[in-house]
>>> print(open('my_file01.pdb').read())   # PDB, C-alpha atoms
ATOM      1  CA  MET A   1      24.539  20.169 -28.456
ATOM      2  CA  PHE A   2      22.205  17.969 -26.435
ATOM      3  CA  GLY A   3      19.448  17.809 -29.082
ATOM      4  CA  ILE A   4      16.133  16.651 -27.682
ATOM      5  CA  LEU A   5      17.646  16.429 -24.196
ATOM      6  CA  GLY A   6      18.439  20.131 -24.260
ATOM      7  CA  PRO A   7      15.703  21.185 -21.807
ATOM      8  CA  LEU A   8      17.091  18.725 -19.286
ATOM      9  CA  PHE A   9      20.286  20.740 -19.159
ATOM     10  CA  SER A  10      18.659  24.155 -18.849
ATOM     11  CA  PRO A  11      20.229  26.467 -16.255
ATOM     12  CA  ALA A  12      16.946  26.682 -14.338
ATOM     13  CA  LEU A  13      16.683  22.921 -13.961
ATOM     14  CA  LEU A  14      20.332  22.540 -13.064
ATOM     15  CA  SER A  15      20.094  25.251 -10.426
ATOM     16  CA  GLN A  16      16.994  23.570  -8.992
ATOM     17  CA  LEU A  17      18.851  20.266  -8.904
ATOM     18  CA  LEU A  18      21.736  21.954  -7.150
ATOM     19  CA  PHE A  19      19.351  23.484  -4.618
ATOM     20  CA  SER A  20      17.672  20.121  -3.967
ATOM     21  CA  VAL A  21      20.997  18.426  -3.498
ATOM     22  CA  SER A  22      22.140  21.155  -1.125
ATOM     23  CA  LEU A  23      18.921  20.645   0.852
ATOM     24  CA  PHE A  24      19.691  16.941   0.981
ATOM     25  CA  GLY A  25      23.097  17.706   2.419
ATOM     26  CA  SER A  26      21.586  19.869   5.125
ATOM     27  CA  ILE A  27      18.922  17.452   6.405
ATOM     28  CA  ASP A  28      19.381  15.131   9.311
ATOM     29  CA  HIS A  29      20.017  11.709   7.799
ATOM     30  CA  ASN A  30      18.538  10.074  10.890
ATOM     31  CA  ARG A  31      15.176  10.934   9.372
ATOM     32  CA  LEU A  32      15.702   8.041   7.003
ATOM     33  CA  TRP A  33      14.788   5.757   9.906
ATOM     34  CA  TYR A  34      11.199   6.885   9.462
ATOM     35  CA  ALA A  35      11.198   4.852   6.251
ATOM     36  CA  VAL A  36      11.640   1.586   8.154
ATOM     37  CA  PRO A  37       8.074   1.244   9.527
ATOM     38  CA  LEU A  38       6.694   2.171   6.116
ATOM     39  CA  VAL A  39       8.836  -0.426   4.353
ATOM     40  CA  ILE A  40       7.835  -3.135   6.825
ATOM     41  CA  SER A  41       4.164  -2.249   6.640
ATOM     42  CA  PHE A  42       4.100  -2.011   2.859
ATOM     43  CA  SER A  43       6.048  -5.250   2.404
ATOM     44  CA  LEU A  44       3.756  -7.245   4.672
ATOM     45  CA  VAL A  45       0.558  -5.890   3.125
ATOM     46  CA  TYR A  46       1.907  -6.380  -0.401
ATOM     47  CA  GLY A  47       2.967  -9.943   0.406
ATOM     48  CA  ALA A  48      -0.383 -10.724   1.986
ATOM     49  CA  THR A  49      -2.285  -9.538  -1.078
ATOM     50  CA  LYS A  50      -0.348 -12.038  -3.180
ATOM     51  CA  HIS A  51      -0.494 -15.139  -0.992
ATOM     52  CA  GLU A  52      -2.736 -16.840   1.497
ATOM     53  CA  GLU A  53      -0.296 -18.746   3.678
ATOM     54  CA  MET A  54       1.780 -16.980   6.296
ATOM     55  CA  GLY A  55       5.056 -18.568   5.160
ATOM     56  CA  ALA A  56       4.569 -17.456   1.575
ATOM     57  CA  ILE A  57       3.435 -14.021   2.763
ATOM     58  CA  LEU A  58       6.572 -13.523   4.839
ATOM     59  CA  HIS A  59       8.774 -14.729   1.995
ATOM     60  CA  GLN A  60       7.117 -12.333  -0.444
ATOM     61  CA  ALA A  61       7.347  -9.536   2.138
ATOM     62  CA  TYR A  62      11.060 -10.188   2.572
ATOM     63  CA  ARG A  63      11.613 -10.003  -1.178
ATOM     64  CA  ALA A  64       9.566  -6.823  -1.546
ATOM     65  CA  GLY A  65      11.262  -5.215   1.447
ATOM     66  CA  THR A  66      14.700  -6.059   0.115
ATOM     67  CA  TRP A  67      13.816  -4.584  -3.256
ATOM     68  CA  ILE A  68      12.494  -1.367  -1.732
ATOM     69  CA  VAL A  69      15.454  -0.925   0.598
ATOM     70  CA  GLY A  70      17.807  -1.549  -2.320
ATOM     71  CA  PHE A  71      15.994   1.033  -4.410
ATOM     72  CA  ILE A  72      16.103   3.582  -1.587
ATOM     73  CA  PHE A  73      19.777   2.885  -1.065
ATOM     74  CA  VAL A  74      20.577   3.410  -4.750
ATOM     75  CA  VAL A  75      18.684   6.733  -4.819
ATOM     76  CA  PHE A  76      20.371   7.745  -1.560
ATOM     77  CA  ALA A  77      23.785   6.890  -2.968
ATOM     78  CA  ILE A  78      23.165   8.875  -6.157
ATOM     79  CA  VAL A  79      21.954  11.969  -4.302
ATOM     80  CA  TRP A  80      24.727  11.663  -1.730
ATOM     81  CA  LEU A  81      27.278  11.447  -4.543
ATOM     82  CA  LEU A  82      25.794  14.519  -6.239
ATOM     83  CA  ASP A  83      25.869  16.317  -2.923
ATOM     84  CA  TRP A  84      29.518  15.425  -2.461
ATOM     85  CA  LEU A  85      30.480  16.376  -6.043
ATOM     86  CA  LEU A  86      28.474  19.580  -6.393
ATOM     87  CA  ILE A  87      28.321  21.032  -2.914
ATOM     88  CA  SER A  88      31.331  19.882  -0.953
TER      89      SER A  88
ATOM     90  CA  MET B   1      -0.155 -40.290 -11.199
ATOM     91  CA  PRO B   2       0.699 -37.034  -9.474
ATOM     92  CA  SER B   3       4.330 -36.206  -8.915
ATOM     93  CA  ASN B   4       5.789 -34.798  -5.711
ATOM     94  CA  ARG B   5       5.929 -31.376  -7.296
ATOM     95  CA  LYS B   6       2.256 -31.547  -8.086
ATOM     96  CA  GLN B   7       1.479 -32.520  -4.519
ATOM     97  CA  GLN B   8       3.321 -29.423  -3.343
ATOM     98  CA  HIS B   9       0.936 -27.294  -5.390
ATOM     99  CA  GLU B  10      -2.344 -28.282  -3.888
ATOM    100  CA  ILE B  11      -5.101 -25.747  -4.135
ATOM    101  CA  ILE B  12      -6.464 -23.690  -1.280
ATOM    102  CA  GLN B  13     -10.097 -22.744  -1.494
ATOM    103  CA  VAL B  14     -10.697 -19.324  -0.005
ATOM    104  CA  GLU B  15     -14.126 -18.614   1.362
ATOM    105  CA  LEU B  16     -15.018 -15.187  -0.001
ATOM    106  CA  CYS B  17     -18.584 -15.234   1.400
ATOM    107  CA  ASN B  18     -20.294 -12.132   0.019
ATOM    108  CA  PRO B  19     -17.449 -10.299  -1.805
ATOM    109  CA  ASN B  20     -19.273  -6.968  -1.916
ATOM    110  CA  LEU B  21     -19.958  -7.010   1.798
ATOM    111  CA  ALA B  22     -16.409  -8.161   2.495
ATOM    112  CA  ALA B  23     -15.025  -5.300   0.397
ATOM    113  CA  LEU B  24     -17.210  -2.810   2.268
ATOM    114  CA  TRP B  25     -16.027  -4.149   5.621
ATOM    115  CA  ALA B  26     -12.438  -4.115   4.402
ATOM    116  CA  TRP B  27     -12.739  -0.471   3.450
ATOM    117  CA  LEU B  28     -14.505   0.619   6.635
ATOM    118  CA  ILE B  29     -12.085  -1.133   8.984
ATOM    119  CA  PRO B  30      -8.810  -2.456   7.512
ATOM    120  CA  GLY B  31      -8.745  -6.245   7.941
ATOM    121  CA  ALA B  32     -12.413  -6.534   8.924
ATOM    122  CA  GLY B  33     -13.347  -7.879   5.489
ATOM    123  CA  HIS B  34     -10.931 -10.766   5.896
ATOM    124  CA  ILE B  35     -12.108 -11.472   9.420
ATOM    125  CA  TYR B  36     -15.657 -11.575   8.029
ATOM    126  CA  GLN B  37     -14.390 -14.150   5.516
ATOM    127  CA  LYS B  38     -12.758 -16.090   8.373
ATOM    128  CA  ARG B  39      -9.276 -15.327   6.996
ATOM    129  CA  TYR B  40      -8.239 -14.338  10.484
ATOM    130  CA  ALA B  41      -4.453 -14.297  10.118
ATOM    131  CA  LYS B  42      -4.504 -12.031   7.093
ATOM    132  CA  GLY B  43      -7.197  -9.877   8.641
ATOM    133  CA  LEU B  44      -5.150  -9.291  11.771
ATOM    134  CA  LEU B  45      -2.024  -8.686   9.689
ATOM    135  CA  PHE B  46      -3.783  -6.051   7.577
ATOM    136  CA  MET B  47      -5.398  -4.471  10.605
ATOM    137  CA  THR B  48      -2.115  -4.244  12.497
ATOM    138  CA  CYS B  49      -0.049  -2.913   9.607
ATOM    139  CA  ILE B  50      -2.509  -0.401   8.202
ATOM    140  CA  LEU B  51      -3.987   0.965  11.402
ATOM    141  CA  SER B  52      -0.587   1.285  13.078
ATOM    142  CA  THR B  53       0.760   3.126  10.026
ATOM    143  CA  TYR B  54      -2.276   5.392   9.937
ATOM    144  CA  PHE B  55      -2.359   6.235  13.635
ATOM    145  CA  PHE B  56       1.403   6.657  13.816
ATOM    146  CA  GLY B  57       1.148   9.236  11.040
ATOM    147  CA  LEU B  58      -1.793  10.874  12.742
ATOM    148  CA  ALA B  59       0.119  11.008  16.029
ATOM    149  CA  ILE B  60       3.313  12.552  14.682
ATOM    150  CA  GLY B  61       1.144  15.071  12.831
ATOM    151  CA  GLU B  62      -0.669  15.822  16.110
ATOM    152  CA  GLY B  63      -3.992  14.969  14.497
ATOM    153  CA  LYS B  64      -3.746  17.855  12.044
ATOM    154  CA  VAL B  65      -2.675  15.954   8.953
ATOM    155  CA  VAL B  66      -6.023  14.342   8.106
ATOM    156  CA  TYR B  67      -8.627  16.872   7.065
ATOM    157  CA  ALA B  68     -10.880  17.423   4.067
ATOM    158  CA  SER B  69     -10.778  20.749   2.317
ATOM    159  CA  TRP B  70     -11.225  21.937  -1.251
ATOM    160  CA  LYS B  71     -11.015  25.669  -0.695
ATOM    161  CA  LYS B  72      -8.971  28.150  -2.648
ATOM    162  CA  ASN B  73      -5.272  27.866  -1.717
ATOM    163  CA  ASP B  74      -5.910  24.642   0.181
ATOM    164  CA  ARG B  75      -6.820  21.781  -2.120
ATOM    165  CA  ARG B  76      -6.246  18.898   0.247
ATOM    166  CA  TRP B  77      -5.896  16.197  -2.443
ATOM    167  CA  GLN B  78      -4.013  14.004   0.012
ATOM    168  CA  TYR B  79      -7.319  13.245   1.710
ATOM    169  CA  VAL B  80      -8.393  11.253  -1.355
ATOM    170  CA  CYS B  81      -5.653   8.774  -0.461
ATOM    171  CA  GLN B  82      -6.209   9.018   3.299
ATOM    172  CA  VAL B  83      -9.911   8.201   3.033
ATOM    173  CA  GLY B  84      -8.923   4.793   1.665
ATOM    174  CA  VAL B  85      -8.392   3.748   5.261
ATOM    175  CA  GLY B  86     -12.146   4.054   5.818
ATOM    176  CA  LEU B  87     -13.798   4.790   9.140
ATOM    177  CA  PRO B  88     -10.744   6.273  10.890
ATOM    178  CA  ALA B  89     -10.602   9.026   8.244
ATOM    179  CA  LEU B  90     -14.326   9.702   7.906
ATOM    180  CA  PRO B  91     -14.628  12.212  10.807
ATOM    181  CA  ALA B  92     -12.773  14.635   8.542
ATOM    182  CA  LEU B  93     -15.744  14.626   6.172
ATOM    183  CA  VAL B  94     -18.144  15.430   9.003
ATOM    184  CA  GLN B  95     -15.879  18.233  10.170
ATOM    185  CA  THR B  96     -16.276  20.003   6.854
ATOM    186  CA  LYS B  97     -19.815  20.888   7.998
ATOM    187  CA  LYS B  98     -19.379  23.902  10.200
ATOM    188  CA  GLU B  99     -22.826  23.465  11.724
ATOM    189  CA  LEU B 100     -21.847  20.055  13.058
ATOM    190  CA  PRO B 101     -18.800  20.607  15.258
ATOM    191  CA  PHE B 102     -17.846  17.535  17.243
ATOM    192  CA  MET B 103     -14.896  15.743  18.779
ATOM    193  CA  ASN B 104     -13.421  19.050  19.916
ATOM    194  CA  GLY B 105     -12.308  20.040  16.422
ATOM    195  CA  TRP B 106     -10.556  16.757  15.665
ATOM    196  CA  MET B 107      -9.709  16.559  11.929
ATOM    197  CA  GLU B 108     -11.225  19.981  11.379
ATOM    198  CA  PRO B 109      -9.953  21.839   8.301
ATOM    199  CA  PRO B 110      -7.762  24.855   9.036
ATOM    200  CA  GLY B 111     -10.192  27.415   7.649
ATOM    201  CA  GLU B 112      -9.391  30.139   5.175
ATOM    202  CA  VAL B 113      -5.866  30.025   3.824
ATOM    203  CA  VAL B 114      -4.316  33.358   2.823
ATOM    204  CA  LEU B 115      -1.033  33.242   0.998
ATOM    205  CA  GLU B 116       1.989  34.771   2.722
ATOM    206  CA  GLN B 117       0.118  35.243   5.989
ATOM    207  CA  MET B 118       0.362  33.292   9.223
ATOM    208  CA  ASP B 119      -3.028  31.607   9.020
ATOM    209  CA  THR B 120      -3.978  28.406  10.829
ATOM    210  CA  LEU B 121      -2.468  26.097   8.220
ATOM    211  CA  ALA B 122       0.747  28.090   8.188
ATOM    212  CA  SER B 123       0.961  27.873  11.963
ATOM    213  CA  TRP B 124       0.543  24.096  11.782
ATOM    214  CA  HIS B 125       3.378  23.876   9.270
ATOM    215  CA  ASP B 126       5.457  26.225  11.351
ATOM    216  CA  ARG B 127       4.989  24.219  14.505
ATOM    217  CA  LEU B 128       5.144  20.687  13.087
ATOM    218  CA  ASN B 129       7.560  21.390  10.257
ATOM    219  CA  PHE B 130       8.877  18.101   8.833
ATOM    220  CA  TYR B 131       6.426  16.034  10.872
ATOM    221  CA  PHE B 132       3.429  17.547   9.101
ATOM    222  CA  GLU B 133       4.662  16.148   5.784
ATOM    223  CA  LEU B 134       5.738  12.879   7.357
ATOM    224  CA  GLY B 135       2.385  12.379   9.057
ATOM    225  CA  THR B 136       0.625  13.154   5.798
ATOM    226  CA  LEU B 137       2.788  10.583   4.015
ATOM    227  CA  TYR B 138       2.124   7.857   6.584
ATOM    228  CA  THR B 139      -1.630   8.386   6.526
ATOM    229  CA  MET B 140      -1.682   8.487   2.732
ATOM    230  CA  VAL B 141       0.286   5.250   2.440
ATOM    231  CA  ALA B 142      -2.072   3.581   4.922
ATOM    232  CA  GLY B 143      -5.067   4.613   2.826
ATOM    233  CA  ILE B 144      -3.519   3.416  -0.423
ATOM    234  CA  LEU B 145      -2.504   0.087   1.115
ATOM    235  CA  ASN B 146      -6.073  -0.443   2.275
ATOM    236  CA  ILE B 147      -7.238  -0.178  -1.336
ATOM    237  CA  LEU B 148      -5.114  -3.263  -2.063
ATOM    238  CA  VAL B 149      -6.723  -4.961   0.913
ATOM    239  CA  VAL B 150     -10.214  -4.140  -0.363
ATOM    240  CA  PHE B 151      -9.376  -5.819  -3.673
ATOM    241  CA  ASP B 152      -7.975  -8.835  -1.836
ATOM    242  CA  ALA B 153     -11.159  -9.147   0.199
ATOM    243  CA  TYR B 154     -13.293  -8.827  -2.933
ATOM    244  CA  ALA B 155     -11.462 -11.217  -5.244
ATOM    245  CA  GLY B 156      -8.840 -13.109  -3.270
ATOM    246  CA  PRO B 157      -5.060 -12.920  -3.701
ATOM    247  CA  SER B 158      -4.147 -11.193  -6.948
ATOM    248  CA  PRO B 159      -1.385 -12.545  -9.180
ATOM    249  CA  ILE B 160      -1.261 -16.186  -8.228
ATOM    250  CA  PRO B 161       0.349 -18.455 -10.822
ATOM    251  CA  VAL B 162      -2.454 -20.466 -12.354
ATOM    252  CA  GLU B 163      -3.518 -22.306 -15.448
ATOM    253  CA  ASP B 164      -6.975 -23.195 -16.611
ATOM    254  CA  ASP B 165      -7.105 -26.985 -16.843
ATOM    255  CA  SER B 166     -10.434 -26.929 -18.668
ATOM    256  CA  ARG B 167      -8.709 -25.497 -21.767
ATOM    257  CA  ARG B 168      -6.003 -28.150 -21.767
ATOM    258  CA  GLY B 169      -7.994 -31.235 -20.981
ATOM    259  CA  PRO B 170      -6.977 -33.777 -18.370
ATOM    260  CA  PRO B 171      -3.298 -33.973 -17.375
ATOM    261  CA  GLN B 172      -1.514 -36.722 -19.302
ATOM    262  CA  ASP B 173       1.538 -37.403 -17.192
ATOM    263  CA  SER B 174       3.806 -35.859 -14.611
ATOM    264  CA  GLU B 175       5.846 -34.002 -17.265
ATOM    265  CA  ASN B 176       3.132 -31.359 -17.215
ATOM    266  CA  ASP B 177       4.318 -30.321 -13.803
ATOM    267  CA  ALA B 178       8.017 -30.358 -14.439
ATOM    268  CA  SER B 179       8.980 -26.973 -15.874
ATOM    269  CA  GLY B 180       7.943 -24.448 -13.249
ATOM    270  CA  LYS B 181       6.478 -21.761 -15.554
ATOM    271  CA  GLU B 182       3.486 -19.830 -14.279
ATOM    272  CA  GLY B 183       0.286 -18.591 -15.888
ATOM    273  CA  ASP B 184      -2.616 -16.162 -15.268
ATOM    274  CA  PRO B 185      -5.431 -16.111 -12.745
ATOM    275  CA  VAL B 186      -8.672 -17.750 -13.842
ATOM    276  CA  SER B 187     -12.114 -17.111 -12.433
ATOM    277  CA  GLU B 188     -14.781 -19.739 -12.118
ATOM    278  CA  GLU B 189     -17.812 -20.100  -9.964
ATOM    279  CA  GLY B 190     -17.594 -21.065  -6.348
ATOM    280  CA  SER B 191     -14.411 -20.321  -4.496
ATOM    281  CA  SER B 192     -11.010 -18.741  -4.588
ATOM    282  CA  GLN B 193      -8.299 -21.351  -4.857
ATOM    283  CA  VAL B 194      -4.686 -20.520  -4.260
ATOM    284  CA  GLU B 195      -1.394 -22.330  -4.055
ATOM    285  CA  GLY B 196      -0.641 -24.227  -0.854
ATOM    286  CA  ASP B 197      -2.292 -26.723   1.455
ATOM    287  CA  SER B 198      -6.015 -27.218   1.054
ATOM    288  CA  ASP B 199      -8.363 -26.388   3.917
ATOM    289  CA  GLY B 200     -11.437 -27.587   2.022
ATOM    290  CA  GLY B 201     -13.441 -24.335   2.174
ATOM    291  CA  GLY B 202     -15.977 -23.099  -0.359
ATOM    292  CA  GLY B 203     -16.718 -19.633  -1.748
ATOM    293  CA  THR B 204     -17.699 -17.442  -4.642
ATOM    294  CA  ALA B 205     -14.739 -17.147  -7.031
ATOM    295  CA  THR B 206     -12.007 -19.486  -8.163
ATOM    296  CA  LYS B 207      -8.300 -19.145  -8.700
ATOM    297  CA  LYS B 208      -6.111 -22.097  -9.503
ATOM    298  CA  SER B 209      -2.420 -22.454  -9.002
ATOM    299  CA  LYS B 210      -0.665 -24.946 -11.174
ATOM    300  CA  ARG B 211       2.379 -25.131 -13.344
ATOM    301  CA  ARG B 212       2.513 -24.949 -17.106
ATOM    302  CA  GLU B 213       4.242 -27.605 -19.129
TER     303      GLU B 213
END
>>> encode(input="my_file01.pdb", output="structure tokens")
Amino acid sequence: MFGILGPLFSPALLSQLLFSVSLFGSIDHNRLWYAVPLVISFSLVYGATKHEEMGAILHQAYRAGTWIVGFIFVVFAIVWLLDWLLIS
Amino acid sequence: MPSNRKQQHEIIQVELCNPNLAALWAWLIPGAGHIYQKRYAKGLLFMTCILSTYFFGLAIGEGKVVYASWKKNDRRWQYVCQVGVGLPALPALVQTKKELPFMNGWMEPPGEVVLEQMDTLASWHDRLNFYFELGTLYTMVAGILNILVVFDAYAGPSPIPVEDDSRRGPPQDSENDASGKEGDPVSEEGSSQVEGDSDGGGGTATKKSKRRE
């Protein structure tokens, strides 16, 4: 039915996904705050490896940080939605 | 005659001094390579960000998360990333030599790991739980970020928009600067030149930052 994507819908993989999502539901979401220092540090270092002036570095860091936070938020939203649909 | 836009894209010459030595310093102590090159602001920024990330990870992992081991059941591949931070991670290598114990077992590997038994590594995981993984992650990220810094110290800022004027000949008029498209880095002898205000320094590699027509 799913053709080449068949293995992606195997019972083993689906059960593992379900288990991961259930783990996500059980963790303390306050742990996400530990991502903040990493995002700040990465953004500043990444910006500084692309520019030489502090203004340009901070601008690049802001853009990189925004992108990373957006990406994390999208992944969080997807997993949270799966948690809500499959577990709750 | 240069336009206003062209004046905004003056070239900074970055003094790279001896790039190999700068890269070595940058690896040993994050930011030290840039301080050696007199790029003080970036050096302090790198030093603050990377060392604080590394030591924060080390602290929440109670000093247990950085160790070197390649024994059966304990292939500590994470150390390959952690050692990118240089000197702060090197004691772990010394601690692999049992005949040279020092620093009261700091960064010492956990010893023999037996599956499904409460060995030393298992007790660390049991006690630290989530913080063992988190500390490992922080220290790994710090090491990987320092690799970027080493490259920056060796060759200057990476993907700066540039164009090689020598291939195009002299600029004909201000239309050349009007579109805002960007090109690739170009290396020449001498210095590293990047977009922004010029400070008139010299160096050993060149990057130019201009706009394509």
>>> resolve_selection(input="my_file01.pdb", expression="the PyMOL selection byres ((chain B) within 9 of (chain A))", output="PyMOL selection string")
chain B and resi 12+14+39+41-42+45-46+48-50+52-53+134+138+141-142+145-146+148-149+151-153+156-160+194-197
>>> write_last_selection(input="my_file01.pdb", atoms="C-alpha atoms", output="mmCIF file, in the coordinates of the input")
data_model
loop_
_atom_site.group_PDB
_atom_site.id
_atom_site.type_symbol
_atom_site.label_atom_id
_atom_site.label_comp_id
_atom_site.auth_asym_id
_atom_site.auth_seq_id
_atom_site.Cartn_x
_atom_site.Cartn_y
_atom_site.Cartn_z
ATOM 1 C CA ILE B 12 -6.464 -23.690 -1.280
ATOM 2 C CA VAL B 14 -10.697 -19.324 -0.005
ATOM 3 C CA ARG B 39 -9.276 -15.327 6.996
ATOM 4 C CA ALA B 41 -4.453 -14.297 10.118
ATOM 5 C CA LYS B 42 -4.504 -12.031 7.093
ATOM 6 C CA LEU B 45 -2.024 -8.686 9.689
ATOM 7 C CA PHE B 46 -3.783 -6.051 7.577
ATOM 8 C CA THR B 48 -2.115 -4.244 12.497
ATOM 9 C CA CYS B 49 -0.049 -2.913 9.607
ATOM 10 C CA ILE B 50 -2.509 -0.401 8.202
ATOM 11 C CA SER B 52 -0.587 1.285 13.078
ATOM 12 C CA THR B 53 0.760 3.126 10.026
ATOM 13 C CA LEU B 134 5.738 12.879 7.357
ATOM 14 C CA TYR B 138 2.124 7.857 6.584
ATOM 15 C CA VAL B 141 0.286 5.250 2.440
ATOM 16 C CA ALA B 142 -2.072 3.581 4.922
ATOM 17 C CA LEU B 145 -2.504 0.087 1.115
ATOM 18 C CA ASN B 146 -6.073 -0.443 2.275
ATOM 19 C CA LEU B 148 -5.114 -3.263 -2.063
ATOM 20 C CA VAL B 149 -6.723 -4.961 0.913
ATOM 21 C CA PHE B 151 -9.376 -5.819 -3.673
ATOM 22 C CA ASP B 152 -7.975 -8.835 -1.836
ATOM 23 C CA ALA B 153 -11.159 -9.147 0.199
ATOM 24 C CA GLY B 156 -8.840 -13.109 -3.270
ATOM 25 C CA PRO B 157 -5.060 -12.920 -3.701
ATOM 26 C CA SER B 158 -4.147 -11.193 -6.948
ATOM 27 C CA PRO B 159 -1.385 -12.545 -9.180
ATOM 28 C CA ILE B 160 -1.261 -16.186 -8.228
ATOM 29 C CA VAL B 194 -4.686 -20.520 -4.260
ATOM 30 C CA GLU B 195 -1.394 -22.330 -4.055
ATOM 31 C CA GLY B 196 -0.641 -24.227 -0.854
ATOM 32 C CA ASP B 197 -2.292 -26.723 1.455
#
>>> closest_residue(input="my_file01.pdb", among="B:Ile29, B:Leu44, B:Ile11, B:Val83", to="Thr136 of chain B", atoms="all atoms listed in the file")
B:Val83
>>> atom_distance(input="my_file01.pdb", atom1="atom CA of Tyr154 of chain B", atom2="atom CA of Gly84 of chain B")
15.0 Å
>>> closest_residue(input="my_file01.pdb", among="B:Met118, B:Gly33, B:Trp77, B:Lys72", to="Pro19 of chain B", atoms="all atoms listed in the file")
B:Gly33
>>> atom_distance(input="my_file01.pdb", atom1="atom CA of Gly57 of chain B", atom2="atom CA of Ile144 of chain B")
13.7 Å
>>> atom_distance(input="my_file01.pdb", atom1="atom CA of Thr139 of chain B", atom2="atom CA of Lys97 of chain B")
22.1 Å
>>> resolve_selection(input="my_file01.pdb", expression="the PyMOL selection byres ((chain B and resi 101-111) around 6)", output="ChimeraX atom specification")
/B:66-67,92,95,100,112,120-121
>>> residues_near_point(input="my_file01.pdb", point="(23.0, 19.4, -10.2)", cutoff="7 Å", atoms="only C-alpha atoms", output="CSV table (one decimal) with C-alpha atoms, in the coordinates of the input")
chain,number,residue,atom,x,y,z
A,14,LEU,CA,20.3,22.5,-13.1
A,15,SER,CA,20.1,25.3,-10.4
A,17,LEU,CA,18.9,20.3,-8.9
A,18,LEU,CA,21.7,22.0,-7.2
A,82,LEU,CA,25.8,14.5,-6.2
A,86,LEU,CA,28.5,19.6,-6.4
>>> axis_aligned_box(input="my_file01.pdb", around="segment 35-41 of chain B", padding_each_side="5 Å", output="AutoDock Vina command-line options")
--center_x -10.1 --center_y -13.8 --center_z 8.0 --size_x 21.2 --size_y 14.6 --size_z 15.0
>>> closest_residue(input="my_file01.pdb", among="A:Asp28, A:Phe19, A:Val39, A:Ser10", to="Val69 of chain A", atoms="all atoms listed in the file")
A:Val39
>>> closest_residue(input="my_file01.pdb", among="B:Ala23, B:Leu128, B:Leu28, B:Leu93", to="Val80 of chain B", atoms="only C-alpha atoms")
B:Leu93
